[in-house]
file data_30.pdb (PDB, C-alpha atoms)
MODEL        1
ATOM      1  CA  MET A   1     130.508 -73.248-121.725
ATOM      2  CA  GLU A   2     130.489 -69.877-123.439
ATOM      3  CA  TYR A   3     131.137 -68.199-120.076
ATOM      4  CA  SER A   4     134.173 -70.346-119.335
ATOM      5  CA  ASN A   5     135.522 -69.661-122.841
ATOM      6  CA  LEU A   6     135.201 -65.955-122.231
ATOM      7  CA  ARG A   7     136.974 -66.273-118.885
ATOM      8  CA  ARG A   8     139.778 -68.184-120.560
ATOM      9  CA  GLN A   9     140.061 -65.572-123.272
ATOM     10  CA  ALA A  10     140.219 -62.794-120.672
ATOM     11  CA  ALA A  11     142.878 -64.618-118.682
ATOM     12  CA  TYR A  12     144.897 -65.270-121.840
ATOM     13  CA  MET A  13     144.591 -61.659-122.917
ATOM     14  CA  LYS A  14     145.813 -60.459-119.549
ATOM     15  CA  LYS A  15     148.716 -62.906-119.568
ATOM     16  CA  SER A  16     149.722 -61.674-123.028
ATOM     17  CA  LEU A  17     149.708 -58.077-121.847
ATOM     18  CA  PHE A  18     152.165 -59.038-119.124
ATOM     19  CA  ASP A  19     154.281 -61.364-121.260
ATOM     20  CA  GLN A  20     154.677 -58.708-123.954
ATOM     21  CA  GLY A  21     155.673 -56.128-121.366
ATOM     22  CA  TYR A  22     152.699 -53.823-121.741
ATOM     23  CA  LEU A  23     151.815 -54.225-118.073
ATOM     24  CA  ASP A  24     153.781 -54.861-114.906
ATOM     25  CA  GLU A  25     153.217 -55.820-111.271
ATOM     26  CA  GLN A  26     151.535 -52.513-110.456
ATOM     27  CA  PHE A  27     148.502 -53.595-112.507
ATOM     28  CA  TYR A  28     148.081 -56.535-110.125
ATOM     29  CA  GLN A  29     148.204 -54.096-107.204
ATOM     30  CA  LEU A  30     145.293 -52.203-108.749
ATOM     31  CA  GLU A  31     143.332 -55.418-109.206
ATOM     32  CA  GLU A  32     143.848 -56.257-105.556
ATOM     33  CA  LEU A  33     142.162 -52.986-104.652
ATOM     34  CA  GLN A  34     138.974 -54.126-106.378
ATOM     35  CA  ASP A  35     136.256 -55.320-104.057
ATOM     36  CA  ASP A  36     132.484 -55.289-103.650
ATOM     37  CA  VAL A  37     132.561 -51.562-102.889
ATOM     38  CA  SER A  38     134.680 -50.779-105.984
ATOM     39  CA  PRO A  39     134.009 -53.715-108.356
ATOM     40  CA  ASN A  40     135.200 -51.833-111.469
ATOM     41  CA  PHE A  41     138.055 -49.983-109.859
ATOM     42  CA  VAL A  42     140.718 -50.995-112.376
ATOM     43  CA  GLU A  43     138.657 -50.041-115.409
ATOM     44  CA  GLU A  44     137.747 -46.721-113.766
ATOM     45  CA  VAL A  45     141.372 -45.902-113.028
ATOM     46  CA  VAL A  46     142.464 -46.923-116.515
ATOM     47  CA  THR A  47     139.716 -44.727-117.979
ATOM     48  CA  LEU A  48     140.976 -41.808-115.897
ATOM     49  CA  PHE A  49     144.479 -42.562-117.090
ATOM     50  CA  PHE A  50     143.577 -42.425-120.775
ATOM     51  CA  ARG A  51     141.612 -39.232-120.264
ATOM     52  CA  ASP A  52     144.550 -37.519-118.568
ATOM     53  CA  SER A  53     147.248 -38.999-120.772
ATOM     54  CA  ALA A  54     145.439 -37.905-123.970
ATOM     55  CA  ARG A  55     145.433 -34.360-122.622
ATOM     56  CA  LEU A  56     149.121 -34.516-121.681
ATOM     57  CA  ILE A  57     150.074 -35.932-125.079
ATOM     58  CA  SER A  58     148.217 -33.065-126.711
ATOM     59  CA  ASN A  59     150.072 -30.597-124.463
ATOM     60  CA  ILE A  60     153.404 -32.181-125.377
ATOM     61  CA  GLU A  61     152.545 -32.009-129.077
ATOM     62  CA  GLN A  62     151.758 -28.315-128.810
ATOM     63  CA  ALA A  63     154.918 -27.649-126.835
ATOM     64  CA  LEU A  64     157.029 -29.484-129.436
ATOM     65  CA  ASP A  65     155.487 -27.376-132.207
ATOM     66  CA  LYS A  66     156.578 -24.152-130.556
ATOM     67  CA  CYS A  67     159.796 -22.516-131.563
ATOM     68  CA  PRO A  68     161.995 -22.281-129.597
ATOM     69  CA  GLN A  69     160.949 -25.329-127.593
ATOM     70  CA  GLU A  70     160.493 -24.978-123.859
ATOM     71  CA  PHE A  71     162.216 -28.114-122.684
ATOM     72  CA  SER A  72     161.410 -27.451-119.031
ATOM     73  CA  LYS A  73     157.695 -27.387-119.895
ATOM     74  CA  LEU A  74     158.065 -30.562-121.950
ATOM     75  CA  ASN A  75     159.850 -32.148-119.036
ATOM     76  CA  ALA A  76     157.026 -31.205-116.664
ATOM     77  CA  PHE A  77     154.361 -32.686-118.974
ATOM     78  CA  VAL A  78     156.214 -35.950-119.479
ATOM     79  CA  HIS A  79     156.936 -36.149-115.756
ATOM     80  CA  GLN A  80     153.193 -36.127-115.109
ATOM     81  CA  LEU A  81     152.598 -38.648-117.854
ATOM     82  CA  LYS A  82     155.307 -40.963-116.575
ATOM     83  CA  GLY A  83     153.858 -40.782-113.070
ATOM     84  CA  SER A  84     150.459 -41.927-114.247
ATOM     85  CA  THR A  85     151.845 -44.691-116.447
ATOM     86  CA  SER A  86     153.734 -45.989-113.450
ATOM     87  CA  SER A  87     150.611 -45.891-111.286
ATOM     88  CA  ILE A  88     148.651 -48.171-113.598
ATOM     89  CA  GLY A  89     151.570 -50.468-114.400
ATOM     90  CA  ALA A  90     151.887 -49.427-118.064
ATOM     91  CA  SER A  91     155.450 -50.614-118.333
ATOM     92  CA  ARG A  92     156.331 -50.082-122.002
ATOM     93  CA  LEU A  93     154.746 -46.656-122.040
ATOM     94  CA  LYS A  94     156.590 -45.719-118.851
ATOM     95  CA  ASN A  95     159.900 -46.723-120.450
ATOM     96  CA  GLU A  96     159.161 -44.582-123.489
ATOM     97  CA  CYS A  97     158.398 -41.643-121.178
ATOM     98  CA  THR A  98     161.793 -42.150-119.550
ATOM     99  CA  ARG A  99     163.522 -42.064-122.931
ATOM    100  CA  PHE A 100     161.626 -38.934-123.909
ATOM    101  CA  ARG A 101     162.583 -37.272-120.663
ATOM    102  CA  ASP A 102     166.244 -38.096-121.213
ATOM    103  CA  TYR A 103     166.068 -36.316-124.593
ATOM    104  CA  CYS A 104     164.380 -33.341-122.918
ATOM    105  CA  ASP A 105     167.170 -33.157-120.359
ATOM    106  CA  GLU A 106     169.691 -33.109-123.212
ATOM    107  CA  GLU A 107     167.528 -30.545-125.066
ATOM    108  CA  ASN A 108     167.786 -32.898-128.010
ATOM    109  CA  LEU A 109     164.842 -31.920-130.206
ATOM    110  CA  GLU A 110     165.355 -34.616-132.802
ATOM    111  CA  GLY A 111     165.482 -37.244-130.087
ATOM    112  CA  CYS A 112     162.344 -35.785-128.493
ATOM    113  CA  LEU A 113     160.444 -35.876-131.774
ATOM    114  CA  LYS A 114     161.388 -39.492-132.532
ATOM    115  CA  SER A 115     160.685 -40.631-129.002
ATOM    116  CA  PHE A 116     157.372 -38.795-128.973
ATOM    117  CA  GLN A 117     156.197 -40.663-132.077
ATOM    118  CA  LYS A 118     157.011 -43.961-130.348
ATOM    119  CA  LEU A 119     155.295 -42.776-127.206
ATOM    120  CA  LYS A 120     152.106 -41.965-129.120
ATOM    121  CA  ARG A 121     152.183 -45.369-130.807
ATOM    122  CA  GLU A 122     152.657 -47.189-127.505
ATOM    123  CA  HIS A 123     149.827 -45.159-126.002
ATOM    124  CA  ALA A 124     147.456 -45.990-128.874
ATOM    125  CA  VAL A 125     148.320 -49.691-128.815
ATOM    126  CA  LEU A 126     147.916 -49.929-125.056
ATOM    127  CA  ARG A 127     144.598 -48.137-125.228
ATOM    128  CA  GLN A 128     143.293 -50.509-127.874
ATOM    129  CA  LYS A 129     144.488 -53.593-126.002
ATOM    130  CA  LEU A 130     143.065 -52.494-122.657
ATOM    131  CA  GLU A 131     139.764 -51.466-124.219
ATOM    132  CA  SER A 132     139.487 -54.950-125.722
ATOM    133  CA  TYR A 133     140.424 -56.527-122.417
ATOM    134  CA  PHE A 134     137.825 -54.616-120.410
ATOM    135  CA  GLN A 135     135.187 -55.204-123.059
ATOM    136  CA  LEU A 136     135.797 -58.923-122.663
ATOM    137  CA  LEU A 137     135.741 -58.643-118.869
ATOM    138  CA  ARG A 138     132.361 -56.930-119.040
ATOM    139  CA  GLN A 139     131.040 -59.904-120.954
ATOM    140  CA  VAL A 140     132.475 -62.279-118.386
ATOM    141  CA  GLY A 141     130.554 -60.572-115.619
ATOM    142  CA  PRO A 142     131.558 -59.683-112.036
ATOM    143  CA  VAL A 143     135.236 -58.799-112.051
ATOM    144  CA  GLU A 144     137.624 -61.325-110.582
ATOM    145  CA  LYS A 145     140.235 -60.625-107.974
ATOM    146  CA  ALA A 146     143.839 -60.440-109.144
ATOM    147  CA  THR A 147     145.164 -63.745-110.314
ATOM    148  CA  ARG A 148     148.866 -63.805-110.768
ATOM    149  CA  PRO A 149     150.151 -66.558-113.061
ATOM    150  CA  SER A 150     151.691 -69.324-111.024
ATOM    151  CA  MET A 151     155.489 -69.377-111.145
TER     152      MET A 151
ATOM    153  CA  MET B   1     134.510 -35.910 -77.760
ATOM    154  CA  ALA B   2     136.144 -33.536 -80.247
ATOM    155  CA  MET B   3     138.846 -35.061 -82.384
ATOM    156  CA  GLU B   4     142.259 -33.581 -81.819
ATOM    157  CA  ARG B   5     144.326 -32.616 -84.800
ATOM    158  CA  GLY B   6     147.195 -34.822 -85.728
ATOM    159  CA  CYS B   7     146.448 -37.361 -83.043
ATOM    160  CA  LYS B   8     145.004 -40.772 -83.126
ATOM    161  CA  SER B   9     141.301 -40.772 -83.760
ATOM    162  CA  THR B  10     139.188 -40.711 -80.640
ATOM    163  CA  GLY B  11     136.053 -41.922 -82.372
ATOM    164  CA  GLY B  12     134.994 -42.962 -85.828
ATOM    165  CA  GLU B  13     137.355 -43.556 -88.664
ATOM    166  CA  PRO B  14     140.558 -41.509 -88.909
ATOM    167  CA  HIS B  15     140.348 -38.833 -91.555
ATOM    168  CA  VAL B  16     143.137 -38.648 -94.099
ATOM    169  CA  LEU B  17     143.562 -35.756 -96.509
ATOM    170  CA  ALA B  18     145.159 -36.911 -99.777
ATOM    171  CA  VAL B  19     146.621 -34.239-102.047
ATOM    172  CA  ASP B  20     147.657 -35.027-105.632
ATOM    173  CA  ASP B  21     147.186 -33.243-108.946
ATOM    174  CA  SER B  22     147.030 -36.601-110.764
ATOM    175  CA  SER B  23     143.472 -37.949-110.900
ATOM    176  CA  VAL B  24     144.862 -41.471-111.339
ATOM    177  CA  ASP B  25     146.985 -41.238-108.210
ATOM    178  CA  ARG B  26     144.165 -39.620-106.247
ATOM    179  CA  ALA B  27     141.883 -42.515-107.161
ATOM    180  CA  VAL B  28     144.501 -45.079-106.173
ATOM    181  CA  ILE B  29     145.493 -43.520-102.862
ATOM    182  CA  ALA B  30     141.857 -42.882-101.939
ATOM    183  CA  ASN B  31     140.951 -46.492-102.630
ATOM    184  CA  VAL B  32     143.939 -47.788-100.674
ATOM    185  CA  LEU B  33     142.955 -45.672 -97.683
ATOM    186  CA  ARG B  34     139.254 -46.503 -97.887
ATOM    187  CA  SER B  35     139.998 -50.229 -98.114
ATOM    188  CA  SER B  36     141.983 -49.790 -94.898
ATOM    189  CA  LYS B  37     138.824 -48.282 -93.371
ATOM    190  CA  TYR B  38     139.982 -44.682 -93.253
ATOM    191  CA  ARG B  39     137.822 -41.742 -94.214
ATOM    192  CA  VAL B  40     139.447 -39.957 -97.130
ATOM    193  CA  THR B  41     139.156 -36.541 -98.656
ATOM    194  CA  ALA B  42     141.135 -36.247-101.884
ATOM    195  CA  VAL B  43     141.960 -32.845-103.364
ATOM    196  CA  ASP B  44     143.975 -31.826-106.395
ATOM    197  CA  SER B  45     146.130 -29.000-105.060
ATOM    198  CA  GLY B  46     147.887 -27.572-102.052
ATOM    199  CA  LYS B  47     145.605 -24.545-102.225
ATOM    200  CA  ARG B  48     142.495 -26.713-101.920
ATOM    201  CA  ALA B  49     144.140 -28.686 -99.136
ATOM    202  CA  LEU B  50     144.686 -25.505 -97.106
ATOM    203  CA  GLU B  51     141.103 -24.398 -97.754
ATOM    204  CA  LEU B  52     139.833 -27.700 -96.455
ATOM    205  CA  LEU B  53     142.138 -27.647 -93.446
ATOM    206  CA  GLY B  54     140.745 -24.247 -92.571
ATOM    207  CA  LEU B  55     137.206 -25.616 -92.584
ATOM    208  CA  GLU B  56     137.572 -29.102 -91.187
ATOM    209  CA  ARG B  57     139.009 -29.716 -87.773
ATOM    210  CA  ASP B  58     139.222 -33.472 -87.875
ATOM    211  CA  VAL B  59     142.030 -34.238 -90.337
ATOM    212  CA  ASN B  60     144.340 -36.788 -88.700
ATOM    213  CA  MET B  61     146.962 -37.139 -91.419
ATOM    214  CA  ILE B  62     147.945 -35.479 -94.694
ATOM    215  CA  ILE B  63     149.483 -37.444 -97.526
ATOM    216  CA  THR B  64     150.628 -35.249-100.383
ATOM    217  CA  ASP B  65     152.395 -35.546-103.697
ATOM    218  CA  TYR B  66     155.625 -33.590-103.887
ATOM    219  CA  TRP B  67     155.493 -32.311-107.431
ATOM    220  CA  MET B  68     152.337 -30.281-108.060
ATOM    221  CA  PRO B  69     151.861 -27.084-110.061
ATOM    222  CA  GLU B  70     151.417 -23.774-108.191
ATOM    223  CA  MET B  71     152.155 -25.217-104.748
ATOM    224  CA  THR B  72     154.444 -28.183-104.262
ATOM    225  CA  GLY B  73     153.958 -30.726-101.508
ATOM    226  CA  TYR B  74     157.012 -29.244 -99.830
ATOM    227  CA  GLU B  75     155.411 -25.794 -99.809
ATOM    228  CA  LEU B  76     152.216 -27.290 -98.409
ATOM    229  CA  LEU B  77     154.242 -29.066 -95.733
ATOM    230  CA  LYS B  78     155.891 -25.771 -94.754
ATOM    231  CA  ARG B  79     152.539 -23.983 -94.519
ATOM    232  CA  VAL B  80     151.145 -26.751 -92.318
ATOM    233  CA  LYS B  81     154.173 -26.809 -90.013
ATOM    234  CA  GLU B  82     154.183 -23.009 -89.741
ATOM    235  CA  SER B  83     150.573 -22.984 -88.570
ATOM    236  CA  SER B  84     149.938 -23.275 -84.852
ATOM    237  CA  GLU B  85     146.599 -24.936 -85.618
ATOM    238  CA  LEU B  86     147.862 -27.416 -88.181
ATOM    239  CA  LYS B  87     151.432 -28.222 -87.219
ATOM    240  CA  GLN B  88     150.569 -31.310 -85.191
ATOM    241  CA  ILE B  89     149.036 -33.077 -88.178
ATOM    242  CA  PRO B  90     151.478 -35.695 -89.506
ATOM    243  CA  VAL B  91     152.398 -35.014 -93.133
ATOM    244  CA  VAL B  92     153.694 -37.659 -95.506
ATOM    245  CA  ILE B  93     155.193 -36.772 -98.877
ATOM    246  CA  MET B  94     154.897 -38.960-102.001
ATOM    247  CA  SER B  95     157.069 -38.685-105.067
ATOM    248  CA  SER B  96     157.793 -40.686-108.190
ATOM    249  CA  GLU B  97     161.442 -39.618-107.999
ATOM    250  CA  ASN B  98     164.052 -40.782-105.528
ATOM    251  CA  VAL B  99     165.971 -37.546-104.988
ATOM    252  CA  PRO B 100     167.957 -37.677-101.728
ATOM    253  CA  ASN B 101     168.135 -33.869-101.344
ATOM    254  CA  ARG B 102     164.390 -33.629-101.776
ATOM    255  CA  ILE B 103     163.759 -36.350 -99.229
ATOM    256  CA  SER B 104     166.050 -34.875 -96.595
ATOM    257  CA  ARG B 105     164.642 -31.372 -97.158
ATOM    258  CA  CYS B 106     161.122 -32.652 -96.527
ATOM    259  CA  LEU B 107     162.108 -34.632 -93.465
ATOM    260  CA  GLU B 108     163.974 -31.624 -92.062
ATOM    261  CA  GLU B 109     160.893 -29.493 -92.598
ATOM    262  CA  GLY B 110     158.881 -31.931 -90.470
ATOM    263  CA  ALA B 111     157.514 -34.549 -92.845
ATOM    264  CA  GLU B 112     156.986 -37.830 -91.053
ATOM    265  CA  ASP B 113     157.866 -39.997 -94.009
ATOM    266  CA  PHE B 114     158.584 -39.949 -97.709
ATOM    267  CA  LEU B 115     157.033 -42.571 -99.986
ATOM    268  CA  LEU B 116     158.094 -43.451-103.500
ATOM    269  CA  LYS B 117     155.345 -43.856-106.033
ATOM    270  CA  PRO B 118     153.626 -45.990-107.074
ATOM    271  CA  ILE B 119     152.290 -46.282-103.561
ATOM    272  CA  GLN B 120     151.664 -49.783-102.291
ATOM    273  CA  PRO B 121     148.905 -50.688 -99.863
ATOM    274  CA  SER B 122     151.586 -51.948 -97.459
ATOM    275  CA  ASP B 123     153.181 -48.458 -97.410
ATOM    276  CA  VAL B 124     149.898 -46.926 -96.373
ATOM    277  CA  SER B 125     149.147 -49.610 -93.760
ATOM    278  CA  ARG B 126     152.561 -49.056 -92.209
ATOM    279  CA  LEU B 127     152.084 -45.309 -92.055
ATOM    280  CA  CYS B 128     148.579 -45.363 -90.743
ATOM    281  CA  SER B 129     149.447 -47.794 -87.981
ATOM    282  CA  ARG B 130     152.163 -45.359 -86.889
ATOM    283  CA  PHE B 131     150.020 -42.245 -86.900
ATOM    284  CA  LEU B 132     146.438 -43.327 -86.776
ATOM    285  CA  ARG B 133     144.310 -45.842 -84.965
TER     286      ARG B 133
ENDMDL
END
call {"tool": "encode", "arguments": {"input": "data_30.pdb", "output": "structure tokens"}}
result
Amino acid sequence: MEYSNLRRQAAYMKKSLFDQGYLDEQFYQLEELQDDVSPNFVEEVVTLFFRDSARLISNIEQALDKCPQEFSKLNAFVHQLKGSTSSIGASRLKNECTRFRDYCDEENLEGCLKSFQKLKREHAVLRQKLESYFQLLRQVGPVEKATRPSM
Amino acid sequence: MAMERGCKSTGGEPHVLAVDDSSVDRAVIANVLRSSKYRVTAVDSGKRALELLGLERDVNMIITDYWMPEMTGYELLKRVKESSELKQIPVVIMSSENVPNRISRCLEEGAEDFLLKPIQPSDVSRLCSRFLR
């Protein structure tokens, strides 16, 4: 009974992440790559993502603090970050990266600073939500294959 | 029988060299290839890719990100196609950006295909069935 409750909670949590736009189809693609050989593939990739993205966010922060700003460097950092967000299906974060990049292209510092604050918030929220999700999945047991909601 | 470069595998699994500075993308592409039963070596730079190509003679395909620091995928492609030993290896470029000039430049330089990220398993299956067996 407890097990089926946990499974329901996990499924609901995942559905919420999609419904609220935190995740997109690409996350399902990652789940489909999970198998007996790589049973925790999604969590491993997401862990890699948060390790790399934390570093890139720190790099961006340092670059924004410099005067004058090197917008080409900022652009390069956010390009990498956007690539990774896209690879794990982190939709809202990817969109914020796009906005940040647009401000970089315009060399609009004020826009960059505002967008960067939003980006950091989205990153922190996503991290917290995915950590909770994977914690619940670990309680459920062997990871399930991708289950798209029925249309 | 020795495996020929850039040709279909004559024994064992085909060996694909994946090149990407993003650890996330390396993990994804490596898993996609392994789940399709290919042997994968994943490296994080063009420099490391060339080092490996100098040591290993059994790479059947290279799949590389375009935008990497120090050496881009385009520069790696050029080095491969300029080498008499490596030029027969099919090279596929990946990029998160759809830039027509970039795509045509790579294809003109000898890239076999250009994939937009995020890479889908179906992209890889399609490629590998063209160049590998």
call {"tool": "closest_residue", "arguments": {"input": "data_30.pdb", "among": "B:Ile93, B:Val40, B:Ala27, B:Leu116", "to": "chain A", "atoms": "all atoms listed in the file"}}
result
B:Ala27
call {"tool": "atom_distance", "arguments": {"input": "data_30.pdb", "atom1": "atom CA of A:Lys73", "atom2": "atom CA of A:Asn95"}}
result
19.5 Å
call {"tool": "closest_residue", "arguments": {"input": "data_30.pdb", "among": "A:Arg101, A:Arg127, A:Lys66, A:Arg51", "to": "chain B", "atoms": "only C-alpha atoms"}}
result
A:Arg51
call {"tool": "interface_residues", "arguments": {"input": "data_30.pdb", "of": "chain A", "to": "chain B", "cutoff": "8 Å", "atoms": "only C-alpha atoms", "output": "VMD selection string"}}
result
chain A and resid 26 29 to 30 33 45 to 46 48 to 49 52 80 83 to 84 86 to 87
call {"tool": "write_last_selection", "arguments": {"input": "data_30.pdb", "atoms": "C-alpha atoms", "output": "PDB file, keeping the file's coordinate frame"}}
result
ATOM      1  CA  GLN A  26     151.535 -52.513-110.456  1.00  0.00           C
ATOM      2  CA  GLN A  29     148.204 -54.096-107.204  1.00  0.00           C
ATOM      3  CA  LEU A  30     145.293 -52.203-108.749  1.00  0.00           C
ATOM      4  CA  LEU A  33     142.162 -52.986-104.652  1.00  0.00           C
ATOM      5  CA  VAL A  45     141.372 -45.902-113.028  1.00  0.00           C
ATOM      6  CA  VAL A  46     142.464 -46.923-116.515  1.00  0.00           C
ATOM      7  CA  LEU A  48     140.976 -41.808-115.897  1.00  0.00           C
ATOM      8  CA  PHE A  49     144.479 -42.562-117.090  1.00  0.00           C
ATOM      9  CA  ASP A  52     144.550 -37.519-118.568  1.00  0.00           C
ATOM     10  CA  GLN A  80     153.193 -36.127-115.109  1.00  0.00           C
ATOM     11  CA  GLY A  83     153.858 -40.782-113.070  1.00  0.00           C
ATOM     12  CA  SER A  84     150.459 -41.927-114.247  1.00  0.00           C
ATOM     13  CA  SER A  86     153.734 -45.989-113.450  1.00  0.00           C
ATOM     14  CA  SER A  87     150.611 -45.891-111.286  1.00  0.00           C
TER      15      SER A  87
END
call {"tool": "residues_around", "arguments": {"input": "data_30.pdb", "residues": "B:Leu115", "least_positions_apart": "4", "cutoff": "12 Å", "atoms": "all atoms listed in the file", "output": "list in words"}}
result
Ile29, Ile63, Thr64, Asp65, Tyr66, Val91, Val92, Ile93, Met94, Ser95, Ser96, Glu97, Asn98, Val99, Arg102, Ile103, Cys106, Leu107, Ala111, Ile119, Gln120, Pro121, Ser122, Asp123, Val124, Arg126 and Leu127 of chain B
call {"tool": "residues_around", "arguments": {"input": "data_30.pdb", "residues": "B:Gly54", "least_positions_apart": "6", "cutoff": "10 Å", "atoms": "all atoms listed in the file", "output": "count of residues only"}}
result
3
call {"tool": "residues_near_point", "arguments": {"input": "data_30.pdb", "point": "(153.9, -32.7, -132.4)", "cutoff": "12 Å", "atoms": "all atoms listed in the file", "output": "NGL selection string"}}
result
:A and (56-67 or 69 or 74 or 109-110 or 112-120)
call {"tool": "atom_distance", "arguments": {"input": "data_30.pdb", "atom1": "atom CA of A:Ala10", "atom2": "atom CA of A:Lys94"}}
result
23.7 Å
call {"tool": "atom_distance", "arguments": {"input": "data_30.pdb", "atom1": "atom CA of B:Ser83", "atom2": "atom CA of B:Glu70"}}
result
19.7 Å
call {"tool": "residues_around", "arguments": {"input": "data_30.pdb", "residues": "B:Gly46", "least_positions_apart": "6", "cutoff": "8 Å", "atoms": "all atoms listed in the file", "output": "number ranges by chain"}}
result
B: 19, 68, 71-73, 76
call {"tool": "axis_aligned_box", "arguments": {"input": "data_30.pdb", "around": "stretch 117-132 of chain B", "padding_each_side": "8 Å", "output": "JSON"}}
result
{"center_x": 150.9, "center_y": -47.1, "center_z": -96.9, "size_x": 24.9, "size_y": 25.7, "size_z": 36.3}
call {"tool": "closest_residue", "arguments": {"input": "data_30.pdb", "among": "B:Asn60, B:Lys47, B:Pro90, B:Arg105", "to": "B:Tyr74", "atoms": "only C-alpha atoms"}}
result
B:Arg105
